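Novice: File input-v6.txt follows (compact mmCIF, C-alpha atoms):
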# COMPACT_ATOMS: atom_id res chain seq x y z
CA MET A 19 -17.34 13.85 -14.93
CA THR A 20 -16.78 10.28 -13.84
CA PRO A 21 -17.71 9.64 -10.21
CA PRO A 22 -15.00 8.37 -7.87
CA PRO A 23 -14.54 4.60 -7.62
CA ARG A 24 -16.89 2.92 -5.21
CA GLY A 25 -16.55 -0.35 -3.31
CA PRO A 26 -16.51 -2.99 -2.25
CA ARG A 27 -14.18 -4.63 -4.75
CA ARG A 28 -13.37 -8.31 -4.75
CA LEU A 29 -9.73 -9.43 -4.59
CA GLY A 30 -9.00 -11.98 -7.28
CA ARG A 31 -11.02 -15.15 -6.85
CA SER A 32 -11.16 -14.79 -3.07
CA ALA A 33 -14.20 -13.80 -1.06
CA VAL A 34 -12.37 -10.78 0.36
CA THR A 35 -13.47 -7.32 -0.71
CA VAL A 36 -11.92 -3.93 -0.09
CA PRO A 37 -13.23 -0.40 -0.44
CA PRO A 38 -11.32 1.62 -3.04
CA LEU A 39 -9.57 3.84 -0.48
CA GLY A 40 -7.46 2.50 2.35
CA LEU A 41 -5.18 3.91 5.04
CA GLY A 42 -1.50 3.01 4.81
CA CYS A 43 -0.31 2.66 8.38
CA ALA A 44 3.46 3.14 8.11
CA PRO A 45 3.22 6.68 9.61
CA LEU A 46 1.64 5.16 12.72
CA GLY A 47 4.97 3.40 13.27
CA ASN A 48 6.85 6.73 13.43
CA LEU A 49 8.06 6.75 9.84
CA TYR A 50 10.70 9.52 9.63
CA ARG A 51 9.28 11.36 12.66
CA ALA A 52 7.73 10.49 15.99
CA LEU A 53 3.95 10.64 16.13
CA ALA A 54 2.28 11.18 19.49
CA GLU A 55 0.06 8.32 20.61
CA ASP A 56 -3.05 10.49 20.69
CA ASP A 57 -2.34 11.76 17.17
CA ALA A 58 -1.86 8.23 15.88
CA LEU A 59 -5.16 7.05 17.31
CA ALA A 60 -6.95 10.17 16.08
CA THR A 61 -5.61 9.52 12.56
CA VAL A 62 -7.21 6.08 12.42
CA ARG A 63 -10.46 7.29 13.92
CA ALA A 64 -10.67 10.18 11.47
CA ALA A 65 -10.16 7.73 8.60
CA LEU A 66 -13.00 5.58 9.93
CA ALA A 67 -15.23 8.62 10.28
CA ALA A 68 -14.44 9.58 6.67
CA GLY A 69 -15.58 6.19 5.41
CA VAL A 70 -12.19 4.51 5.04
CA GLY A 71 -12.61 0.80 5.71
CA HIS A 72 -9.30 -0.76 4.68
CA PHE A 73 -6.19 -0.60 6.87
CA ASP A 74 -2.79 -1.79 5.69
CA ALA A 75 -0.16 -2.51 8.34
CA ALA A 76 3.01 -4.59 8.77
CA PRO A 77 5.38 -5.73 11.53
CA HIS A 78 8.07 -3.75 9.72
CA TYR A 79 6.29 -0.46 10.40
CA GLY A 80 7.89 0.74 13.61
CA VAL A 81 8.82 -2.85 14.57
CA GLY A 82 5.23 -3.54 15.56
CA LEU A 83 4.29 -0.08 16.80
CA ALA A 84 1.96 0.64 13.87
CA GLU A 85 0.04 -2.59 14.44
CA GLU A 86 -0.24 -1.90 18.16
CA ARG A 87 -1.57 1.61 17.59
CA LEU A 88 -3.95 0.46 14.87
CA GLY A 89 -5.31 -2.22 17.19
CA ARG A 90 -5.86 0.28 19.98
CA ALA A 91 -7.59 2.74 17.64
CA LEU A 92 -9.94 0.09 16.26
CA ARG A 93 -10.88 -1.34 19.64
CA GLY A 94 -14.63 -1.24 20.11
CA HIS A 95 -15.41 -0.75 16.42
CA ASP A 96 -17.48 -3.32 14.55
CA ARG A 97 -14.96 -5.84 13.17
CA ALA A 98 -17.21 -6.49 10.20
CA GLY A 99 -16.96 -2.84 9.22
CA TYR A 100 -13.35 -2.82 8.00
CA THR A 101 -10.73 -4.94 6.25
CA LEU A 102 -7.28 -5.54 7.73
CA ALA A 103 -4.10 -6.33 5.84
CA THR A 104 -0.72 -7.16 7.33
CA LYS A 105 2.50 -8.76 6.15
CA VAL A 106 4.90 -11.60 6.90
CA GLY A 107 8.53 -12.31 6.08
CA ARG A 108 10.04 -10.11 8.77
CA ARG A 109 9.74 -11.63 12.23
CA LEU A 110 10.21 -9.45 15.31
CA ARG A 111 12.29 -10.30 18.38
CA PRO A 112 13.46 -8.40 21.47
CA LEU A 113 16.75 -6.56 21.17
CA ALA A 114 19.72 -8.42 22.60
CA PRO A 115 21.64 -6.75 25.45
CA GLY A 116 23.68 -3.89 24.01
CA GLU A 117 22.13 -4.28 20.55
CA THR A 118 21.37 -1.07 18.68
CA PRO A 119 18.01 -0.99 16.89
CA ALA A 120 18.01 -0.66 13.12
CA GLY A 121 15.51 2.08 12.41
CA GLU A 122 15.15 1.54 8.64
CA GLY A 123 13.37 4.90 8.40
CA PHE A 124 11.41 4.56 11.64
CA VAL A 125 12.25 6.49 14.83
CA ALA A 126 11.43 6.17 18.53
CA THR A 127 10.39 2.54 18.14
CA PRO A 128 10.01 -0.27 20.70
CA ALA A 129 13.10 -2.26 21.68
CA ARG A 130 12.71 -4.90 19.00
CA ALA A 131 14.66 -6.10 15.97
CA ARG A 132 13.58 -7.50 12.61
CA THR A 133 14.82 -10.79 11.22
CA TRP A 134 13.92 -12.41 7.92
CA ASP A 135 12.01 -15.65 8.39
CA PHE A 136 10.26 -17.49 5.56
CA THR A 137 9.90 -20.84 7.28
CA ARG A 138 6.48 -22.35 7.83
CA ASP A 139 6.74 -21.95 11.60
CA GLY A 140 8.14 -18.44 11.21
CA ILE A 141 5.31 -17.32 8.95
CA ARG A 142 2.74 -18.66 11.39
CA ALA A 143 4.45 -17.13 14.40
CA THR A 144 4.75 -13.77 12.63
CA LEU A 145 1.04 -13.76 11.80
CA ASP A 146 0.07 -14.79 15.33
CA ALA A 147 2.16 -11.95 16.78
CA SER A 148 0.52 -9.46 14.40
CA LEU A 149 -2.93 -10.65 15.43
CA ALA A 150 -2.01 -10.12 19.07
CA ARG A 151 -0.77 -6.59 18.40
CA LEU A 152 -3.85 -5.80 16.33
CA GLY A 153 -6.17 -7.23 18.98
CA THR A 154 -8.06 -9.44 16.56
CA ASP A 155 -8.48 -13.11 15.72
CA THR A 156 -8.09 -12.71 11.99
CA VAL A 157 -6.96 -10.46 9.17
CA GLU A 158 -8.43 -10.59 5.71
CA ILE A 159 -5.22 -10.08 3.70
CA VAL A 160 -1.64 -11.19 4.29
CA TYR A 161 1.24 -10.23 2.01
CA LEU A 162 4.78 -11.56 1.86
CA HIS A 163 6.67 -8.30 2.29
CA ASP A 164 9.69 -6.96 0.35
CA VAL A 165 10.85 -10.37 -0.79
CA GLU A 166 12.82 -9.30 -3.87
CA HIS A 167 16.13 -10.50 -2.39
CA HIS A 168 14.69 -13.70 -0.92
CA LEU A 169 13.01 -15.45 -3.83
CA PRO A 170 14.49 -18.94 -3.26
CA GLU A 171 13.07 -18.96 0.28
CA VAL A 172 9.76 -17.60 -0.98
CA TYR A 173 9.33 -20.37 -3.51
CA ALA A 174 10.59 -23.10 -1.16
CA THR A 175 8.72 -22.27 2.06
CA GLY A 176 7.27 -18.75 2.29
CA TYR A 177 4.58 -18.97 -0.34
CA PRO A 178 3.58 -22.57 0.53
CA ALA A 179 3.17 -21.52 4.17
CA LEU A 180 0.92 -18.63 3.20
CA ALA A 181 -1.09 -20.77 0.77
CA GLU A 182 -1.60 -23.30 3.55
CA LEU A 183 -3.02 -20.60 5.83
CA ARG A 184 -5.44 -19.62 3.07
CA ALA A 185 -6.48 -23.24 2.51
CA GLU A 186 -7.15 -23.58 6.26
CA GLY A 187 -9.37 -20.50 6.17
CA ARG A 188 -7.17 -18.52 8.55
CA VAL A 189 -6.52 -15.93 5.85
CA GLY A 190 -8.93 -14.82 3.15
CA ALA A 191 -6.55 -13.44 0.52
CA ILE A 192 -2.80 -13.73 0.04
CA GLY A 193 -0.19 -12.05 -2.09
CA PHE A 194 2.99 -10.00 -2.18
CA GLY A 195 3.78 -6.39 -1.36
CA MET A 196 6.81 -4.42 -2.57
CA ASN A 197 8.09 -1.58 -4.75
CA HIS A 198 9.44 -3.78 -7.55
CA SER A 199 6.77 -4.33 -10.18
CA ASP A 200 8.98 -6.65 -12.25
CA VAL A 201 9.45 -9.04 -9.34
CA LEU A 202 5.76 -8.89 -8.55
CA ALA A 203 5.01 -9.77 -12.19
CA ARG A 204 7.19 -12.87 -11.96
CA LEU A 205 5.55 -13.99 -8.73
CA VAL A 206 2.03 -13.44 -10.07
CA ALA A 207 2.89 -15.42 -13.20
CA ASP A 208 4.30 -18.33 -11.20
CA LEU A 209 2.06 -18.54 -8.14
CA ASP A 210 -1.63 -18.52 -7.22
CA VAL A 211 -2.14 -15.21 -5.43
CA ASP A 212 -5.25 -13.11 -4.98
CA VAL A 213 -3.75 -9.63 -4.72
CA VAL A 214 -0.51 -7.69 -4.83
CA LEU A 215 0.35 -4.41 -3.16
CA CYS A 216 2.49 -2.42 -5.59
CA ALA A 217 4.01 0.78 -4.22
CA GLY A 218 5.11 3.66 -6.40
CA ARG A 219 5.19 1.96 -9.79
CA TRP A 220 1.70 2.81 -11.08
CA THR A 221 1.32 6.52 -10.49
CA LEU A 222 0.94 9.78 -12.38
CA LEU A 223 4.72 10.09 -12.26
CA GLU A 224 5.94 6.52 -12.76
CA ARG A 225 4.15 3.83 -14.74
CA THR A 226 6.56 0.91 -15.06
CA ALA A 227 3.91 -1.48 -13.75
CA LEU A 228 2.06 -1.08 -17.03
CA ASP A 229 4.99 -2.73 -18.80
CA ASP A 230 5.31 -5.76 -16.55
CA LEU A 231 2.92 -6.29 -13.64
CA LEU A 232 -0.48 -5.08 -14.81
CA PRO A 233 -0.70 -7.24 -17.97
CA VAL A 234 0.14 -10.35 -15.95
CA CYS A 235 -2.44 -9.46 -13.31
CA ALA A 236 -5.09 -8.96 -15.99
CA ARG A 237 -4.27 -12.35 -17.51
CA ARG A 238 -4.21 -14.17 -14.16
CA GLY A 239 -7.20 -12.44 -12.57
CA THR A 240 -5.04 -11.03 -9.76
CA SER A 241 -6.11 -7.79 -8.11
CA VAL A 242 -3.78 -4.88 -7.44
CA VAL A 243 -3.79 -2.50 -4.49
CA VAL A 244 -1.67 0.53 -5.27
CA GLY A 245 0.48 2.16 -2.60
CA GLY A 246 2.80 5.13 -2.87
CA VAL A 247 0.40 7.09 -5.09
CA TYR A 248 2.24 10.28 -4.09
CA ASN A 249 5.65 8.69 -4.83
CA SER A 250 6.81 9.22 -1.24
CA GLY A 251 5.59 12.82 -1.24
CA LEU A 252 6.62 14.46 -4.51
CA LEU A 253 3.07 14.35 -5.88
CA ALA A 254 1.75 15.73 -2.60
CA ASP A 255 4.07 18.74 -2.61
CA PRO A 256 6.18 19.13 -5.76
CA SER A 257 8.84 21.43 -4.34
CA PRO A 258 12.65 21.23 -4.38
CA GLY A 259 13.88 18.65 -1.90
CA ALA A 260 10.56 16.80 -1.80
CA PRO A 261 10.97 13.05 -1.36
CA TYR A 262 10.66 10.68 -4.28
CA ASP A 263 11.01 6.94 -3.76
CA TYR A 264 12.31 7.57 -0.21
CA ALA A 265 15.08 9.99 -1.30
CA PRO A 266 15.23 13.65 -2.38
CA ALA A 267 13.66 14.02 -5.80
CA PRO A 268 15.98 14.91 -8.71
CA PRO A 269 15.24 18.30 -10.30
CA HIS A 270 13.80 16.88 -13.54
CA LEU A 271 11.16 14.95 -11.60
CA VAL A 272 10.30 18.00 -9.50
CA ALA A 273 9.80 19.93 -12.74
CA ARG A 274 7.59 17.16 -14.16
CA ALA A 275 5.49 17.01 -11.01
CA ARG A 276 5.04 20.79 -11.12
CA GLU A 277 3.90 20.57 -14.73
CA LEU A 278 1.38 17.89 -13.74
CA ALA A 279 0.13 20.18 -10.97
CA ALA A 280 -0.17 23.12 -13.37
CA VAL A 281 -2.30 21.18 -15.85
CA CYS A 282 -4.48 19.83 -13.05
CA ALA A 283 -4.98 23.36 -11.73
CA THR A 284 -6.42 24.51 -15.06
CA PHE A 285 -9.22 22.00 -14.47
CA GLY A 286 -9.66 22.98 -10.80
CA VAL A 287 -8.22 19.67 -9.63
CA PRO A 288 -5.61 19.36 -6.84
CA LEU A 289 -2.62 17.28 -7.89
CA LYS A 290 -3.19 14.92 -4.97
CA ALA A 291 -6.76 14.25 -6.11
CA ALA A 292 -5.54 13.34 -9.58
CA ALA A 293 -2.81 11.12 -8.09
CA LEU A 294 -5.39 9.24 -6.01
CA ARG A 295 -7.68 8.70 -9.00
CA PHE A 296 -5.20 7.85 -11.74
CA PRO A 297 -4.47 4.20 -10.77
CA PHE A 298 -8.10 3.20 -11.30
CA GLY A 299 -7.71 3.54 -15.04
CA HIS A 300 -6.51 -0.07 -15.10
CA PRO A 301 -9.23 -2.67 -14.49
CA SER A 302 -7.01 -4.84 -12.29
CA VAL A 303 -6.73 -2.10 -9.66
CA ALA A 304 -9.04 -2.75 -6.72
CA GLY A 305 -7.92 0.04 -4.43
CA VAL A 306 -5.29 2.48 -3.26
CA VAL A 307 -3.81 2.90 0.19
CA VAL A 308 -2.40 6.23 1.25
CA GLY A 309 -0.63 7.12 4.48
CA ALA A 310 -1.61 9.87 6.90
CA ALA A 311 0.16 11.24 9.97
CA SER A 312 -2.73 13.24 11.41
CA ALA A 313 -6.50 13.30 11.58
CA ARG A 314 -6.43 16.28 9.23
CA GLU A 315 -4.45 14.38 6.61
CA ALA A 316 -6.73 11.35 6.85
CA THR A 317 -9.82 13.51 6.41
CA GLU A 318 -8.20 15.46 3.58
CA ASN A 319 -7.22 12.30 1.69
CA ALA A 320 -10.80 11.02 1.86
CA ALA A 321 -12.13 14.36 0.56
CA LEU A 322 -9.54 14.45 -2.24
CA PHE A 323 -10.50 10.93 -3.23
CA ARG A 324 -14.08 12.11 -3.75
CA HIS A 325 -13.06 15.28 -5.60
CA ASP A 326 -14.87 15.83 -8.91
CA ILE A 327 -12.43 15.33 -11.78
CA PRO A 328 -13.43 16.31 -15.32
CA ASP A 329 -12.86 13.53 -17.83
CA ALA A 330 -11.07 16.07 -20.04
CA LEU A 331 -8.16 16.31 -17.59
CA TRP A 332 -6.67 12.99 -18.60
CA PRO A 333 -6.42 13.54 -22.38
CA ALA A 334 -5.04 17.00 -21.60
CA LEU A 335 -2.18 15.32 -19.71
CA VAL A 336 -1.63 13.07 -22.71
CA ASP A 337 -1.58 16.07 -25.04
CA ARG A 338 1.09 17.73 -22.88
CA GLY A 339 3.23 14.60 -23.00
CA LEU A 340 2.77 13.95 -19.28
CA LEU A 341 0.95 10.67 -19.90
CA ALA A 342 1.80 8.38 -22.78
CA PRO A 343 -0.77 7.67 -25.50
CA GLY A 344 -2.51 4.39 -24.79
CA VAL A 345 -2.16 4.58 -21.02
CA PRO A 346 -5.46 3.40 -19.49
CA LEU A 347 -7.25 6.42 -18.09
CA PRO A 348 -9.69 6.49 -15.16
CA THR A 349 -12.57 8.01 -17.14
CA ALA A 350 -13.97 4.49 -17.50
CA ALA A 351 -13.47 3.49 -13.87
CA PRO A 352 -16.61 1.94 -12.34
For the structure just supplied, provide its representation as structure tokens.
Specialist:
Amino acid sequence: MTPPPRGPRRLGRSAVTVPPLGLGCAPLGNLYRALAEDDALATVRAALAAGVGHFDAAPHYGVGLAEERLGRALRGHDRAGYTLATKVGRRLRPLAPGETPAGEGFVATPARARTWDFTRDGIRATLDASLARLGTDTVEIVYLHDVEHHLPEVYATGYPALAELRAEGRVGAIGFGMNHSDVLARLVADLDVDVVLCAGRWTLLERTALDDLLPVCARRGTSVVVGGVYNSGLLADPSPGAPYDYAPAPPHLVARARELAAVCATFGVPLKAAALRFPFGHPSVAGVVVGAASAREATENAALFRHDIPDALWPALVDRGLLAPGVPLPTAAP
């Protein structure tokens, strides 16, 4: 058996390191359902207690609510003991009189609206507002978030603004975060970034990043943090109606996820444990971030991450046609 990945892991050529397992904080912003304040804080504290030391947030998550809750949960903890990531590109503002909030998947959120802003001043103001919500003077990682439809602004002002913050020492590592591995590949090829956050495209179920993003990252020395390892939930619970890529999964993908689970079960491995471990087969992967909506889920994810996985599982998945021959497997993960 290969032991689980261990940190810290350096991001690109930066001085920033991350542990291999992080907490994705979108659920703290009431993603799909309202989370009680006490439950949100308990989720973060349970992750800390389980050894999770990387927290990934964004203004988009609950229009600032996730950052506020994360900041409250981390108050009083040693700032040197964890790494913070947030995002820019969406700037928050108060709702205008009579304006209806756009939930974008989040419910029961503060009375704020999102607006795209890739200007130098907008990037700086967005980061400053995130720092205030998080209750800290600095974050280690800042991503430009979901920029696939805003590339001209990214090249003209967004990326230069972020690179300037890195040059000033206000940010340790910079990059991009989104679901589109092809767009990430283009940005990594063109620009000097330390890390990308790629959600849902390098998983047991979907591996398009191997065709575009991961080779470019290997060539450029750019690190990858993988989000969406459960593909929105299908790899957590492969049942009819389970979400995949933020929508109900089609039947053929449910069937494939169930077959993955069945093979994993023959080796005594929960499907979620295999999903958490799989991304580390590629050497550019520095870590994964996975969401949790309760202290129990945060603790469970940490335990699943440490689950013993026989090396023989991975070639068995190849033999069953569930992984393609030549896919990098995590048996060699450090």
Novice: Give me, as JSON lines, the closest atom pair and its distance (Å, one decimal) for every residue of range 105-124 of chain A within a cut-off of 12 Å of range 79-83 of chain A, counting all atoms listed in the file, rows sorted by chain and rising number.
Specialist:
{"residue": "A:Lys105", "atom": "CA", "partner": "A:Tyr79", "partner_atom": "CA", "distance": 10.1}
{"residue": "A:Val106", "atom": "CA", "partner": "A:Tyr79", "partner_atom": "CA", "distance": 11.8}
{"residue": "A:Arg108", "atom": "CA", "partner": "A:Val81", "partner_atom": "CA", "distance": 9.4}
{"residue": "A:Arg109", "atom": "CA", "partner": "A:Val81", "partner_atom": "CA", "distance": 9.1}
{"residue": "A:Leu110", "atom": "CA", "partner": "A:Val81", "partner_atom": "CA", "distance": 6.8}
{"residue": "A:Arg111", "atom": "CA", "partner": "A:Val81", "partner_atom": "CA", "distance": 9.1}
{"residue": "A:Pro112", "atom": "CA", "partner": "A:Val81", "partner_atom": "CA", "distance": 10.0}
{"residue": "A:Leu113", "atom": "CA", "partner": "A:Val81", "partner_atom": "CA", "distance": 11.0}
{"residue": "A:Pro119", "atom": "CA", "partner": "A:Val81", "partner_atom": "CA", "distance": 9.7}
{"residue": "A:Ala120", "atom": "CA", "partner": "A:Val81", "partner_atom": "CA", "distance": 9.6}
{"residue": "A:Gly121", "atom": "CA", "partner": "A:Gly80", "partner_atom": "CA", "distance": 7.8}
{"residue": "A:Glu122", "atom": "CA", "partner": "A:Gly80", "partner_atom": "CA", "distance": 8.8}
{"residue": "A:Gly123", "atom": "CA", "partner": "A:Gly80", "partner_atom": "CA", "distance": 8.6}
{"residue": "A:Phe124", "atom": "CA", "partner": "A:Gly80", "partner_atom": "CA", "distance": 5.6}
Novice: Pick from A:Pro170, A:Pro343, A:Pro348, A:Pro178: nearest to Thr221 in chain A, with only C-alpha atoms counted?
Specialist: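 Smallest separation from Thr221 in chain A among the options: A:Pro348.
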Novice: Fewer than 5 positions away in the same chain doesn't count, so skip those; otherwise give me all residues within 9 Å of Asp263 in chain A, counting only C-alpha atoms, as number ranges by chain.
Specialist: A: 218, 246, 249-252
Novice: Name the residues in contact with range 191-195 of chain A at a cut-off of 7 Å, using only C-alpha atoms, excluding same-chain residues fewer than 6 positions from it; report them as an NGL selection string.
Specialist: :A and (32 or 34 or 158-164 or 180 or 184 or 211-216)
Novice: Using all atoms listed in the file for the distances, tell me which of A:Gly309, A:Gly190, A:Gly176, A:Gly116 is nearest to Tyr248 in chain A.
Specialist: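 Checking each of A:Gly309, A:Gly190, A:Gly176, A:Gly116 against Tyr248 in chain A, counting all atoms listed in the file, the winner is A:Gly309.
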Novice: Between A:Val189, A:Ala320, A:Cys282, A:Ile327, which has the minimum distance to Gly40 in chain A (counting all atoms listed in the file)?
Specialist: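 Counting all atoms listed in the file, the residue closest to Gly40 in chain A is A:Ala320.
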Novice: Which residue is closest to Met19 in chain A? Choose from A:Tyr177, A:Tyr262, A:Phe298, A:Phe285 and count all atoms listed in the file.
Specialist: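 Nearest candidate to Met19 in chain A out of A:Tyr177, A:Tyr262, A:Phe298, A:Phe285: A:Phe285.
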Novice: Within 12 Å of Asp208 in chain A, counting only C-alpha atoms, which residues qualify if same-chain residues fewer than 6 places away don't, as a PDB file with C-alpha atoms, keeping the file's coordinate frame?
Specialist:
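Output below, filename part17.pdb:
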ATOM      1  CA  LEU A 169      13.010 -15.450  -3.830  1.00  0.00           C
ATOM      2  CA  VAL A 172       9.760 -17.600  -0.980  1.00  0.00           C
ATOM      3  CA  TYR A 173       9.330 -20.370  -3.510  1.00  0.00           C
ATOM      4  CA  TYR A 177       4.580 -18.970  -0.340  1.00  0.00           C
ATOM      5  CA  GLY A 193      -0.190 -12.050  -2.090  1.00  0.00           C
ATOM      6  CA  VAL A 201       9.450  -9.040  -9.340  1.00  0.00           C
ATOM      7  CA  LEU A 202       5.760  -8.890  -8.550  1.00  0.00           C
ATOM      8  CA  VAL A 234       0.140 -10.350 -15.950  1.00  0.00           C
ATOM      9  CA  CYS A 235      -2.440  -9.460 -13.310  1.00  0.00           C
ATOM     10  CA  ARG A 238      -4.210 -14.170 -14.160  1.00  0.00           C
ATOM     11  CA  THR A 240      -5.040 -11.030  -9.760  1.00  0.00           C
TER      12      THR A 240
END
Novice: Work out how far apart CA of Leu39 in chain A and CA of Thr104 in chain A are and give it in Å to one decimal.
Specialist: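 For CA of Leu39 in chain A relative to CA of Thr104 in chain A, the distance reads 16.1 Å.
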Novice: Using 3 Å of padding on each side, determine the axis-aligned box around all atoms of range 85-90 of chain A present in the file and give its centre and edge lengths in Å to one decimal, as JSON.
Specialist:
{"center_x": -2.9, "center_y": -0.5, "center_z": 17.2, "size_x": 11.9, "size_y": 10.2, "size_z": 11.5}
Novice: Compute the distance from (-2.2, 20.2, -22.3) to each atom, counting all atoms listed in the file, keep the residues with any atom at most 12 Å away, and return them as a CSV table (one decimal) with C-alpha atoms, in the coordinates of the input; use the coordinates of the file.
Specialist:
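Final output, out25.csv:
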chain,number,residue,atom,x,y,z
A,277,GLU,CA,3.9,20.6,-14.7
A,278,LEU,CA,1.4,17.9,-13.7
A,279,ALA,CA,0.1,20.2,-11.0
A,280,ALA,CA,-0.2,23.1,-13.4
A,281,VAL,CA,-2.3,21.2,-15.8
A,282,CYS,CA,-4.5,19.8,-13.0
A,283,ALA,CA,-5.0,23.4,-11.7
A,284,THR,CA,-6.4,24.5,-15.1
A,285,PHE,CA,-9.2,22.0,-14.5
A,330,ALA,CA,-11.1,16.1,-20.0
A,331,LEU,CA,-8.2,16.3,-17.6
A,332,TRP,CA,-6.7,13.0,-18.6
A,333,PRO,CA,-6.4,13.5,-22.4
A,334,ALA,CA,-5.0,17.0,-21.6
A,335,LEU,CA,-2.2,15.3,-19.7
A,336,VAL,CA,-1.6,13.1,-22.7
A,337,ASP,CA,-1.6,16.1,-25.0
A,338,ARG,CA,1.1,17.7,-22.9
A,339,GLY,CA,3.2,14.6,-23.0
A,340,LEU,CA,2.8,14.0,-19.3
A,341,LEU,CA,1.0,10.7,-19.9
